[in-house]
$ cat entry_6.cif   # mmCIF, C-alpha atoms
data_run
loop_
_atom_site.label_atom_id
_atom_site.label_comp_id
_atom_site.auth_asym_id
_atom_site.auth_seq_id
_atom_site.Cartn_x
_atom_site.Cartn_y
_atom_site.Cartn_z
CA MET A 107 209.98 9.41 -18.48
CA ILE A 108 208.74 12.90 -17.79
CA ALA A 109 207.30 13.58 -21.24
CA ASP A 110 204.67 10.95 -20.46
CA ASP A 111 202.33 13.87 -19.79
CA SER A 112 202.77 15.38 -23.27
CA ARG A 113 199.37 14.17 -24.46
CA ALA A 114 197.44 15.81 -21.66
CA ASP A 115 196.28 18.55 -24.02
CA GLY A 116 196.82 16.69 -27.28
CA ALA A 117 200.36 18.07 -27.63
CA GLU A 118 202.94 16.14 -29.61
CA THR A 119 206.19 15.05 -28.04
CA ASP A 120 208.13 17.70 -30.01
CA ARG A 121 206.68 20.23 -27.57
CA TRP A 122 209.04 18.74 -24.99
CA PRO A 123 212.44 19.94 -26.18
CA ASP A 124 214.48 18.04 -23.61
CA ILE A 125 218.23 18.30 -24.04
CA PRO A 126 220.95 16.31 -22.28
CA GLY A 127 221.35 17.66 -18.76
CA ASP A 128 217.71 18.63 -18.26
CA THR A 129 216.45 17.57 -14.84
CA ALA A 130 213.23 16.88 -12.98
CA LEU A 131 212.23 16.17 -9.38
CA THR A 132 210.08 13.08 -8.87
CA ILE A 133 208.72 10.68 -6.27
CA ASN A 134 209.44 7.04 -7.06
CA ILE A 135 206.53 4.65 -6.47
CA PRO A 136 208.10 1.17 -6.73
CA GLU A 137 204.90 -0.46 -5.46
CA ALA A 138 203.30 0.49 -8.81
CA ASP A 139 206.15 -0.41 -11.19
CA ALA A 140 204.47 -3.65 -12.28
CA LEU A 141 201.31 -1.74 -13.24
CA VAL A 142 202.94 0.81 -15.54
CA ARG A 143 202.64 0.14 -19.28
CA ALA A 144 204.34 3.35 -20.38
CA GLY A 145 207.97 2.18 -20.51
CA PHE A 146 209.37 3.95 -17.45
CA PRO A 147 209.35 3.44 -13.66
CA ALA A 148 206.28 4.45 -11.68
CA HIS A 149 206.61 8.00 -10.39
CA VAL A 150 204.76 11.15 -9.43
CA THR A 151 206.32 14.30 -10.86
CA VAL A 152 207.01 17.08 -8.34
CA LEU A 153 208.57 19.55 -10.78
CA TYR A 154 209.44 19.15 -14.46
CA PRO A 155 211.57 20.70 -15.74
CA PHE A 156 213.92 21.70 -12.93
CA LEU A 157 217.29 23.45 -13.34
CA HIS A 158 219.63 22.27 -16.06
CA GLU A 159 222.32 20.03 -14.59
CA SER A 160 224.96 22.69 -15.33
CA ARG A 161 223.25 24.96 -12.76
CA LEU A 162 223.21 22.37 -9.97
CA ASP A 163 226.16 23.77 -8.07
CA ALA A 164 226.84 23.34 -4.35
CA PRO A 165 224.56 26.25 -3.28
CA ALA A 166 221.69 24.85 -5.35
CA ARG A 167 222.13 21.38 -3.84
CA ARG A 168 222.22 22.85 -0.33
CA ALA A 169 219.06 24.82 -1.07
CA LEU A 170 217.32 21.63 -2.22
CA THR A 171 218.47 19.73 0.86
CA GLY A 172 217.10 22.43 3.16
CA LEU A 173 213.85 22.86 1.25
CA PHE A 174 212.96 19.18 1.29
CA ALA A 175 214.02 18.73 4.92
CA ARG A 176 211.34 21.27 5.90
CA HIS A 177 208.63 18.97 4.50
CA GLU A 178 207.60 15.94 6.52
CA ALA A 179 207.51 12.47 4.99
CA PHE A 180 203.99 11.38 4.03
CA THR A 181 201.94 8.51 2.62
CA LEU A 182 200.19 8.48 -0.74
CA THR A 183 197.24 6.22 -1.49
CA PHE A 184 196.40 5.18 -5.04
CA ALA A 185 192.80 4.00 -5.16
CA ALA A 186 191.26 5.66 -8.23
CA PHE A 187 192.01 6.19 -11.90
CA GLY A 188 191.92 9.36 -13.94
CA ARG A 189 192.45 10.24 -17.58
CA TYR A 190 193.93 12.98 -19.67
CA PRO A 191 193.64 12.75 -23.47
CA GLY A 192 195.69 9.68 -24.36
CA VAL A 193 196.80 9.10 -20.76
CA LEU A 194 195.55 6.73 -18.05
CA TYR A 195 196.81 7.49 -14.56
CA LEU A 196 196.41 6.66 -10.90
CA ASP A 197 195.31 9.55 -8.70
CA PRO A 198 197.54 9.92 -5.61
CA ARG A 199 195.77 11.10 -2.48
CA PRO A 200 196.21 13.41 -0.77
CA HIS A 201 197.41 15.91 -3.38
CA ASP A 202 198.41 18.55 -0.84
CA PRO A 203 201.87 17.24 0.19
CA VAL A 204 202.99 16.96 -3.44
CA LYS A 205 201.55 20.35 -4.36
CA ALA A 206 203.27 21.90 -1.33
CA LEU A 207 206.63 20.61 -2.56
CA THR A 208 206.01 22.03 -6.03
CA ALA A 209 204.89 25.37 -4.61
CA ASP A 210 208.01 25.71 -2.45
CA LEU A 211 210.26 24.87 -5.39
CA THR A 212 208.63 27.43 -7.68
CA ARG A 213 208.77 30.08 -4.95
CA ARG A 214 212.49 29.36 -4.57
CA TRP A 215 213.11 29.29 -8.33
CA PRO A 216 210.30 31.47 -9.76
CA GLU A 217 211.68 31.26 -13.30
CA LEU A 218 210.66 27.58 -13.41
CA ARG A 219 207.19 26.79 -14.75
CA PRO A 220 205.73 23.29 -14.31
CA TYR A 221 205.56 21.45 -17.64
CA ARG A 222 207.12 24.50 -19.34
CA GLY A 223 203.85 26.37 -18.81
CA LEU A 224 201.99 24.24 -21.37
CA PHE A 225 199.17 23.51 -18.89
CA GLY A 226 198.88 26.87 -17.17
CA ALA A 227 199.69 26.37 -13.49
CA GLY A 228 200.51 22.71 -14.17
CA LEU A 229 198.78 19.36 -13.79
CA ASP A 230 197.47 17.76 -10.64
CA PRO A 231 199.72 15.08 -9.15
CA HIS A 232 199.33 11.80 -11.01
CA LEU A 233 201.07 8.50 -11.74
CA THR A 234 200.94 7.66 -15.45
CA ILE A 235 199.99 4.04 -16.12
CA ALA A 236 199.70 4.18 -19.93
CA ASN A 237 200.04 6.84 -22.61
CA HIS A 238 200.09 4.85 -25.85
CA GLU A 239 196.47 5.01 -27.02
CA GLY A 240 194.89 7.54 -29.35
CA PRO A 241 191.35 8.97 -29.38
CA ALA A 242 189.87 6.09 -31.37
CA THR A 243 191.11 3.34 -29.07
CA GLN A 244 191.74 4.83 -25.64
CA ASP A 245 188.32 4.31 -24.09
CA ALA A 246 188.11 0.58 -24.74
CA ALA A 247 191.81 -0.04 -24.08
CA TYR A 248 191.90 1.93 -20.85
CA ASP A 249 188.59 0.49 -19.62
CA ALA A 250 190.15 -2.96 -19.99
CA LEU A 251 193.37 -1.87 -18.30
CA GLU A 252 191.47 -0.36 -15.38
CA ALA A 253 189.54 -3.61 -14.95
CA ASP A 254 192.82 -5.53 -14.93
CA ILE A 255 194.51 -3.27 -12.35
CA ALA A 256 191.58 -2.44 -10.06
CA PRO A 257 191.79 -5.67 -7.99
CA VAL A 258 195.23 -4.72 -6.63
CA LEU A 259 194.12 -1.26 -5.48
CA PRO A 260 194.45 0.57 -3.21
CA LEU A 261 198.22 0.88 -3.13
CA ARG A 262 199.86 2.81 -0.31
CA CYS A 263 203.34 4.24 -0.59
CA HIS A 264 205.41 5.92 2.13
CA VAL A 265 207.23 8.90 0.65
CA ASP A 266 210.42 9.88 2.46
CA ALA A 267 212.49 11.36 -0.38
CA VAL A 268 212.29 13.29 -3.64
CA ARG A 269 214.62 12.19 -6.41
CA LEU A 270 216.50 14.29 -8.93
CA VAL A 271 216.54 12.65 -12.37
CA VAL A 272 218.62 13.76 -15.36
CA TRP A 273 217.95 13.37 -19.09
CA ASP A 274 221.05 11.96 -20.82
CA GLY A 275 219.67 12.27 -24.35
CA GLU A 276 218.14 8.79 -24.38
CA ARG A 277 216.56 8.22 -20.99
CA TRP A 278 215.96 9.74 -17.57
CA ARG A 279 218.58 8.57 -15.06
CA ASP A 280 218.21 8.62 -11.29
CA ARG A 281 220.87 10.92 -9.87
CA THR A 282 220.23 12.00 -6.24
CA ALA A 283 217.73 11.46 -3.42
CA TYR A 284 216.76 14.37 -1.17
CA PRO A 285 215.29 13.12 2.14
CA LEU A 286 212.13 14.60 3.57
CA GLY A 287 211.90 15.42 7.26
CA ARG A 288 210.64 12.94 9.82
CA PRO A 289 207.01 13.41 10.88
CA GLY A 290 206.81 15.37 14.12
CA ARG A 291 210.43 16.43 14.01
CA ARG A 292 211.83 19.33 12.06
CA ARG A 293 215.32 18.95 10.70
CA PRO A 294 217.64 21.93 11.14
CA VAL A 295 217.91 23.96 7.95
CA PRO A 296 221.48 24.71 6.86
CA ALA A 297 222.34 28.41 7.08
CA ALA A 298 223.29 28.48 3.40
CA ALA A 299 219.85 27.18 2.43
CA ARG A 300 218.12 29.78 4.62
CA GLN A 301 220.08 32.60 2.99
CA ASN A 302 218.61 31.83 -0.44
CA PRO A 303 222.02 32.05 -2.14
CA LEU A 304 220.97 31.74 -5.77
CA PRO A 305 219.50 34.57 -7.83
#
$ encode --input "entry_6.cif" --output "structure tokens"
Amino acid sequence: MIADDSRADGAETDRWPDIPGDTALTINIPEADALVRAGFPAHVTVLYPFLHESRLDAPARRALTGLFARHEAFTLTFAAFGRYPGVLYLDPRPHDPVKALTADLTRRWPELRPYRGLFGAGLDPHLTIANHEGPATQDAAYDALEADIAPVLPLRCHVDAVRLVVWDGERWRDRTAYPLGRPGRRRPVPAAARQNPLP
């Protein structure tokens, strides 16, 4: 599910050494599920990889709860396509709310690097539609796919939670939802989350 971005610089999937218990934080976009041809649910990645599941103790979960509660829910609009090598995606706008979530997570856990550092500071937010074509076929195939999908755009999705997903060795499984705050109203942040309890 998360390694859908592995072709963004021509990398092979063996550059994604996921092991059981690896995690990621994502935004589900069910409105786009029917459009995705890549074999996984529609999503926008907030941070991949996140902490290994073995490190997700009670203080870490409280820290996540507090961090996400400080961010207001928002709406993403998908109206335009973009491409990385081998990848066709929908461009979620605005980028800023997703980037703000990623920035807060990497400030809180500075040892984590988006996409294992393979793309420098990371990739812009995106929703992968297809990632199965190679250089010789992608232009024609993705032009046709864009033409097929364009009539249903724009899609708008209200985002009120970020989901933790876990790799079980065969697939990414949805584990936990962390709610975002309500617009115009800040949720109280638990004292444990404010104290930054993890190293």
$ residues_around --input "entry_6.cif" --residues "Val142 in chain A" --least-positions-apart "3" --cutoff "8 Å" --atoms "all atoms listed in the file" --output "list in words"
Ala138, Asp139, Gly145, Phe146, Pro147, Ala148, Thr234, Ile235 and Ala236 of chain A
$ residues_around --input "entry_6.cif" --residues "range 205-212 of chain A" --least-positions-apart "2" --cutoff "8 Å" --atoms "all atoms listed in the file" --output "number ranges by chain"
A: 152-153, 173-174, 177, 201-203, 214-219, 230-231
$ resolve_selection --input "entry_6.cif" --expression "the PyMOL selection byres ((chain A and resi 279) around 12)" --output "list in words"
Met107, Ile108, Pro126, Gly127, Asp128, Thr129, Ala130, Leu131, Thr132, Phe146, Pro147, Arg269, Leu270, Val271, Val272, Trp273, Asp274, Gly275, Glu276, Arg277, Trp278, Asp280, Arg281 and Thr282 of chain A
$ axis_aligned_box --input "entry_6.cif" --around "range 268-276 of chain A" --padding-each-side "6 Å" --output "lines of an AutoDock Vina configuration file"
center_x = 216.7
center_y = 11.5
center_z = -14.0
size_x = 20.8
size_y = 17.5
size_z = 32.7
$ residues_around --input "entry_6.cif" --residues "Ala175 in chain A" --least-positions-apart "4" --cutoff "7 Å" --atoms "all atoms listed in the file" --output "ChimeraX atom specification"
/A:171,285-287,293
$ atom_distance --input "entry_6.cif" --atom1 "CA of Phe180 in chain A" --atom2 "CA of Ile133 in chain A"
11.4 Å
$ closest_residue --input "entry_6.cif" --among "A:Arg143, A:Asp124, A:Gly223, A:Ser160" --to "His238 in chain A" --atoms "only C-alpha atoms"
A:Arg143
